[in-house]
Amino acid sequence: MGAETTSFLDSAIMLLYLVATSFFILGIKRLGSAATARSGNQLAAIGMLLGVAVTLFDQQILRYEWIVAGMVLGGLIGAVLARSVAMTSMPELVALFNGLGGAASALVAWGEWERVGAAGLGPDALVTIGLSLLIGSITLTGSLMAFGKLNGFITGKPITFPAQNVLTVVLMVGMLVASGLFAWNPSIEMLFWIILGGSLLLGVLTVLPIGGADMPVVISLLNSYSGLAASMAGFVLNNPLLIVSGALVGAAGLILTNIMCVAMNRSLLNVLFGGFGGGDSSPAMEGAGPATDMIIKETSADDIAIQCGYASKVVIVPGYGLAVAQAQHVVKEVATLLEQKGVEVLYGIHPVAGRMPGHMNVLLAEADVPYDQLYDMEQINSEFSTTDVVLIIGANDVVNPAAKSNPGSPIYGMPVLNVQEAGRTIVFKRSLKPGFAGIENELFGAEQNQMFFGDAKKSLQDLVRALKENE
Amino acid sequence: MDLIFNLFVFVLASFVGFELISKVPPTLHTPLMSGANAISGITLIGAVLITGSLPLLLPESTADWVVGILGFLAIVFATVNVVGGFMVTDRMLEMFKKKK
């Protein structure tokens, strides 16, 4: 084959990579609206297929057996996982996929290093091989730790030991220095193994001290890392498609990380290096209000049915307690019955309502709740003043008015749903036990609030029965 | 110069990413994340290039075996990520329906 044919083929491949990149960008753009999201994902998948397919025509490829075998095996595993996973386990699956993506990028860098050999690689390539290995390995072990914590294999509590943060920072700096040295003097083969081992350890160390409740932040961050790792692999291979796609994913992960941090009223550094409430939480309780003086008003399913039946607008605020009780479908039944009575029903969803960004929305969509009833925090906060009844189910801290009114509270400053602006709030709760953050909720004793004690699912089933009897 | 040029591409793509993704509403954040996750499986292309560069089906030298095994593993992991990621995202988005 002549040089001209080669360069023509290379150009053709590059141009088709450009098409694939455009598909990714347009696909993500279409993910911006529920009406077009599905076609956006399909567009991105077509871009991926195109990118992989044209790569098979690359002159560098001599044999296909290993490639085909690997793709068939990986495709089968991926398809089975995607079909069988329960929607409640979505965070685990995303964590696992993140880890595999990171591992693949690290393996690509490692493979290139073995293939070409240190002598054949310039400092440019070596820097990127080192970084790809570093980020990919951290992503792998970090994601596996997150997977274990989400799944319950590893305790959800933060695991800490003395000088842990110091060790993590020293190791991180050490790995960056090692990557620099690796590019400077690749003849020291030991450096490669130091980077590999150190990064794998670093992934474990970074996620170990983070509590289960902070996993939404961790998954988002690891998502960003998996993109960066792919981008770095693109630097190693001088492949613009990898660089662009990886950068897009890296940006997505960073934005979601930031959104989660803001919603939890934490800084990223605080999530990574401080246990919850660490630092300035000591005066929290003294300002938390005289909990014992609260006058709690209890209510019943029949009473709720009557109140909701006469309402013109009802907002349902679901928390993860709802998903734990597997009560999404019963909630939907309640909403349907209310709508039959002419009541407008909306769902107000706090960003941390689920176990990962947007998780609660997926769980409700699975229960056939139409997406135009799913309101995010900003949208729903302007609805409460015209709402008659708010049903708060399995949520606690995200509706705590102390976040706005009590500077002494550890959640002060956290964005919350302003449910107290509504005419009536009804909290479905097992007991008066404080929520995850261990903070008393003044809402429970508020004038307009009533409590409905019991298991979320059973309470909702009672409500369904009461609503039917009231017809 | 490759490194600098690649950095240009990387930084510009990051800006595009920030612009695009900050417009995605919170309702769709889980499918966004799993879809983006599938896209990060693009590293599959790198894995294919490395694995395919081996001249023989059964390599003769140890070094080639190492490259082959690393590349094969990378292909498997990346394909799980790509296929699983796009499929599960589709499964989720299929459930998002407008009110009848």
# chains A, B, ... in the order shown; residues from 1 in each chain; ligands from 1
>>> residues_around(residues="segment 28-35 of chain B", least_positions_apart="6", cutoff="8 Å", atoms="only C-alpha atoms", output="CSV table (one decimal) with C-alpha atoms, in the first residue's frame")
chain,number,residue,atom,x,y,z
A,28,ILE,CA,-25.4,15.6,25.2
A,31,LEU,CA,-30.0,15.1,27.0
A,32,GLY,CA,-30.9,18.6,28.2
A,33,SER,CA,-34.6,18.1,27.9
A,34,ALA,CA,-36.7,15.1,28.9
A,41,ASN,CA,-28.4,9.1,24.2
A,94,VAL,CA,-22.5,3.8,37.8
A,220,SER,CA,-19.9,12.4,40.6
A,223,ASN,CA,-17.3,10.1,36.9
A,252,ALA,CA,-20.1,16.7,33.3
A,253,GLY,CA,-18.7,15.1,36.4
A,256,LEU,CA,-22.5,17.4,39.1
A,356,MET,CA,-27.0,10.0,43.4
A,357,PRO,CA,-27.8,13.2,41.4
A,358,GLY,CA,-31.3,12.9,39.9
A,359,HIS,CA,-31.8,9.4,41.4
A,361,ASN,CA,-36.5,11.3,39.5
A,362,VAL,CA,-35.6,8.0,37.9
B,85,GLY,CA,-23.7,2.5,30.0
B,86,PHE,CA,-25.7,3.3,26.9
B,88,VAL,CA,-29.0,1.4,31.0
B,89,THR,CA,-29.3,5.1,30.1
B,92,MET,CA,-34.0,4.9,32.3
B,93,LEU,CA,-34.9,7.4,29.6
>>> select_by_dssp(residues="segment 33-82 of chain B", states="helix (DSSP H, G or I)", output="JSON, numbers by chain")
{"B": [33, 34, 35, 36, 37, 38, 39, 40, 41, 42, 43, 44, 45, 46, 47, 48, 49, 50, 51, 52, 62, 63, 64, 65, 66, 67, 68, 69, 70, 71, 72, 73, 74, 75, 76, 77, 78, 79, 80, 81, 82]}
>>> closest_residue(among="A:Arg115, A:Val315, A:Thr55, A:Gln164", to="Ser61 of chain B", atoms="only C-alpha atoms")
A:Arg115
>>> atom_distance(atom1="atom CA of Lys29 of chain A", atom2="atom CA of Ile4 of chain B")
27.8 Å
>>> residues_around(residues="Asp303 of chain A", least_positions_apart="5", cutoff="10 Å", atoms="only C-alpha atoms", output="PyMOL selection string")
chain A and resi 308-309+463+466-467
>>> residues_around(residues="Gly51 of chain A", least_positions_apart="5", cutoff="8 Å", atoms="only C-alpha atoms", output="VMD selection string")
(chain A and resid 16 to 17 20 241) or (chain B and resid 45)
>>> residues_around(residues="segment 46-48 of chain B", least_positions_apart="4", cutoff="9 Å", atoms="only C-alpha atoms", output="PDB file with N, CA and C atoms, in the first residue's frame")
ATOM      1  N   VAL A  52     -15.676   3.590  16.952  1.00  0.00           N
ATOM      2  CA  VAL A  52     -15.024   2.290  17.098  1.00  0.00           C
ATOM      3  C   VAL A  52     -14.900   1.608  15.736  1.00  0.00           C
ATOM      4  N   THR A  55     -12.142   2.962  13.601  1.00  0.00           N
ATOM      5  CA  THR A  55     -10.832   2.638  14.168  1.00  0.00           C
ATOM      6  C   THR A  55     -10.341   1.287  13.660  1.00  0.00           C
ATOM      7  N   LEU A  56     -11.285   0.388  13.385  1.00  0.00           N
ATOM      8  CA  LEU A  56     -10.898  -0.936  12.909  1.00  0.00           C
ATOM      9  C   LEU A  56     -10.178  -0.867  11.558  1.00  0.00           C
ATOM     10  N   ILE A  61      -3.694  -1.628  12.931  1.00  0.00           N
ATOM     11  CA  ILE A  61      -4.333  -2.874  13.358  1.00  0.00           C
ATOM     12  C   ILE A  61      -4.034  -3.999  12.385  1.00  0.00           C
ATOM     13  N   TYR A  64      -7.556  -9.146  14.348  1.00  0.00           N
ATOM     14  CA  TYR A  64      -8.854  -8.773  14.909  1.00  0.00           C
ATOM     15  C   TYR A  64      -9.397  -9.744  15.955  1.00  0.00           C
ATOM     16  N   TRP A  66      -8.440 -10.953  18.928  1.00  0.00           N
ATOM     17  CA  TRP A  66      -8.490 -10.529  20.328  1.00  0.00           C
ATOM     18  C   TRP A  66      -9.515  -9.407  20.510  1.00  0.00           C
ATOM     19  N   ILE A  67      -9.554  -8.532  19.506  1.00  0.00           N
ATOM     20  CA  ILE A  67     -10.474  -7.391  19.590  1.00  0.00           C
ATOM     21  C   ILE A  67     -11.918  -7.882  19.629  1.00  0.00           C
ATOM     22  N   ALA A 104      -9.675   0.717  32.210  1.00  0.00           N
ATOM     23  CA  ALA A 104      -9.357   0.559  30.789  1.00  0.00           C
ATOM     24  C   ALA A 104      -8.367   1.635  30.341  1.00  0.00           C
ATOM     25  N   SER A 105      -8.559   2.882  30.798  1.00  0.00           N
ATOM     26  CA  SER A 105      -7.650   3.956  30.402  1.00  0.00           C
ATOM     27  C   SER A 105      -6.241   3.716  30.958  1.00  0.00           C
ATOM     28  N   LEU A 107      -4.983   0.822  31.647  1.00  0.00           N
ATOM     29  CA  LEU A 107      -4.434  -0.318  30.903  1.00  0.00           C
ATOM     30  C   LEU A 107      -3.933   0.107  29.532  1.00  0.00           C
ATOM     31  N   VAL A 108      -4.649   1.056  28.905  1.00  0.00           N
ATOM     32  CA  VAL A 108      -4.209   1.538  27.590  1.00  0.00           C
ATOM     33  C   VAL A 108      -2.828   2.211  27.717  1.00  0.00           C
ATOM     34  N   ALA A 109      -2.674   3.045  28.769  1.00  0.00           N
ATOM     35  CA  ALA A 109      -1.394   3.713  28.975  1.00  0.00           C
ATOM     36  C   ALA A 109      -0.291   2.690  29.250  1.00  0.00           C
ATOM     37  N   GLY A 111      -0.316  -0.492  28.391  1.00  0.00           N
ATOM     38  CA  GLY A 111      -0.078  -1.256  27.178  1.00  0.00           C
ATOM     39  C   GLY A 111       0.815  -0.505  26.195  1.00  0.00           C
ATOM     40  N   ALA A 230      -9.817   8.943  30.338  1.00  0.00           N
ATOM     41  CA  ALA A 230      -9.974   8.676  28.904  1.00  0.00           C
ATOM     42  C   ALA A 230      -9.269   9.758  28.089  1.00  0.00           C
ATOM     43  N   ALA A 233      -5.612   9.145  28.132  1.00  0.00           N
ATOM     44  CA  ALA A 233      -5.279   8.064  27.204  1.00  0.00           C
ATOM     45  C   ALA A 233      -5.236   8.612  25.778  1.00  0.00           C
ATOM     46  N   GLY A 234      -6.102   9.588  25.489  1.00  0.00           N
ATOM     47  CA  GLY A 234      -6.095  10.245  24.185  1.00  0.00           C
ATOM     48  C   GLY A 234      -4.816  11.023  23.956  1.00  0.00           C
ATOM     49  N   LEU A 237      -2.119   8.555  23.004  1.00  0.00           N
ATOM     50  CA  LEU A 237      -2.202   8.004  21.649  1.00  0.00           C
ATOM     51  C   LEU A 237      -2.360   9.087  20.587  1.00  0.00           C
ATOM     52  N   ASN A 239      -4.909  10.950  20.094  1.00  0.00           N
ATOM     53  CA  ASN A 239      -6.204  10.701  19.477  1.00  0.00           C
ATOM     54  C   ASN A 239      -7.216  11.762  19.924  1.00  0.00           C
ATOM     55  N   LEU A 242     -10.658  10.771  21.657  1.00  0.00           N
ATOM     56  CA  LEU A 242     -10.571  10.427  23.078  1.00  0.00           C
ATOM     57  C   LEU A 242     -10.435  11.682  23.926  1.00  0.00           C
TER      58      LEU A 242
ATOM     59  N   ILE B  42     -14.994   5.602  25.609  1.00  0.00           N
ATOM     60  CA  ILE B  42     -14.333   5.873  24.326  1.00  0.00           C
ATOM     61  C   ILE B  42     -12.890   5.379  24.335  1.00  0.00           C
ATOM     62  N   GLY B  52      -4.764  -4.501  18.591  1.00  0.00           N
ATOM     63  CA  GLY B  52      -4.708  -4.883  17.190  1.00  0.00           C
ATOM     64  C   GLY B  52      -3.317  -4.761  16.582  1.00  0.00           C
ATOM     65  N   SER B  53      -2.431  -4.041  17.263  1.00  0.00           N
ATOM     66  CA  SER B  53      -1.108  -3.820  16.686  1.00  0.00           C
ATOM     67  C   SER B  53      -0.213  -5.048  16.792  1.00  0.00           C
ATOM     68  N   LEU B  70      -2.925  -6.977  28.390  1.00  0.00           N
ATOM     69  CA  LEU B  70      -3.358  -5.650  28.860  1.00  0.00           C
ATOM     70  C   LEU B  70      -4.428  -5.088  27.929  1.00  0.00           C
ATOM     71  N   GLY B  71      -4.165  -5.191  26.626  1.00  0.00           N
ATOM     72  CA  GLY B  71      -5.106  -4.644  25.645  1.00  0.00           C
ATOM     73  C   GLY B  71      -6.437  -5.366  25.681  1.00  0.00           C
ATOM     74  N   PHE B  72      -6.376  -6.692  25.788  1.00  0.00           N
ATOM     75  CA  PHE B  72      -7.612  -7.482  25.829  1.00  0.00           C
ATOM     76  C   PHE B  72      -8.464  -7.091  27.038  1.00  0.00           C
ATOM     77  N   LEU B  73      -7.811  -7.004  28.205  1.00  0.00           N
ATOM     78  CA  LEU B  73      -8.544  -6.594  29.409  1.00  0.00           C
ATOM     79  C   LEU B  73      -9.150  -5.209  29.220  1.00  0.00           C
ATOM     80  N   ALA B  74      -8.359  -4.307  28.639  1.00  0.00           N
ATOM     81  CA  ALA B  74      -8.858  -2.942  28.425  1.00  0.00           C
ATOM     82  C   ALA B  74     -10.081  -2.967  27.518  1.00  0.00           C
ATOM     83  N   ILE B  75     -10.050  -3.808  26.476  1.00  0.00           N
ATOM     84  CA  ILE B  75     -11.210  -3.903  25.571  1.00  0.00           C
ATOM     85  C   ILE B  75     -12.437  -4.404  26.325  1.00  0.00           C
ATOM     86  N   ALA B  78     -13.654  -1.650  28.819  1.00  0.00           N
ATOM     87  CA  ALA B  78     -14.224  -0.483  28.136  1.00  0.00           C
ATOM     88  C   ALA B  78     -15.542  -0.845  27.455  1.00  0.00           C
TER      89      ALA B  78
END
>>> residues_around(residues="Lys332 of chain A", least_positions_apart="6", cutoff="8 Å", atoms="only C-alpha atoms", output="NGL selection string")
:A and (364 or 367-369)
>>> residues_around(residues="Met172 of chain A", least_positions_apart="2", cutoff="10 Å", atoms="only C-alpha atoms", output="mmCIF file with C-alpha atoms, in the first residue's frame")
data_model
loop_
_atom_site.group_PDB
_atom_site.id
_atom_site.type_symbol
_atom_site.label_atom_id
_atom_site.label_comp_id
_atom_site.auth_asym_id
_atom_site.auth_seq_id
_atom_site.Cartn_x
_atom_site.Cartn_y
_atom_site.Cartn_z
ATOM 1 C CA LEU A 134 -2.360 7.824 37.820
ATOM 2 C CA VAL A 166 -1.575 13.815 55.873
ATOM 3 C CA LEU A 167 -0.781 10.423 54.364
ATOM 4 C CA THR A 168 -3.248 10.970 51.519
ATOM 5 C CA VAL A 169 -1.850 14.401 50.676
ATOM 6 C CA VAL A 170 1.770 13.198 50.903
ATOM 7 C CA GLY A 174 4.475 11.949 45.813
ATOM 8 C CA MET A 175 2.637 10.449 42.853
ATOM 9 C CA LEU A 176 2.683 13.741 40.941
ATOM 10 C CA VAL A 177 6.414 14.062 41.577
ATOM 11 C CA ALA A 178 6.911 10.456 40.499
ATOM 12 C CA GLY A 198 0.739 4.349 44.696
ATOM 13 C CA SER A 199 -2.279 5.417 42.625
ATOM 14 C CA LEU A 202 -4.498 6.480 46.726
ATOM 15 C CA GLY A 203 -7.915 5.572 45.287
ATOM 16 C CA THR A 206 -9.385 8.890 49.304
#
>>> closest_residue(among="A:Leu248, A:Leu338, A:Val271, A:Val72", to="Ser14 of chain B", atoms="only C-alpha atoms")
A:Leu248
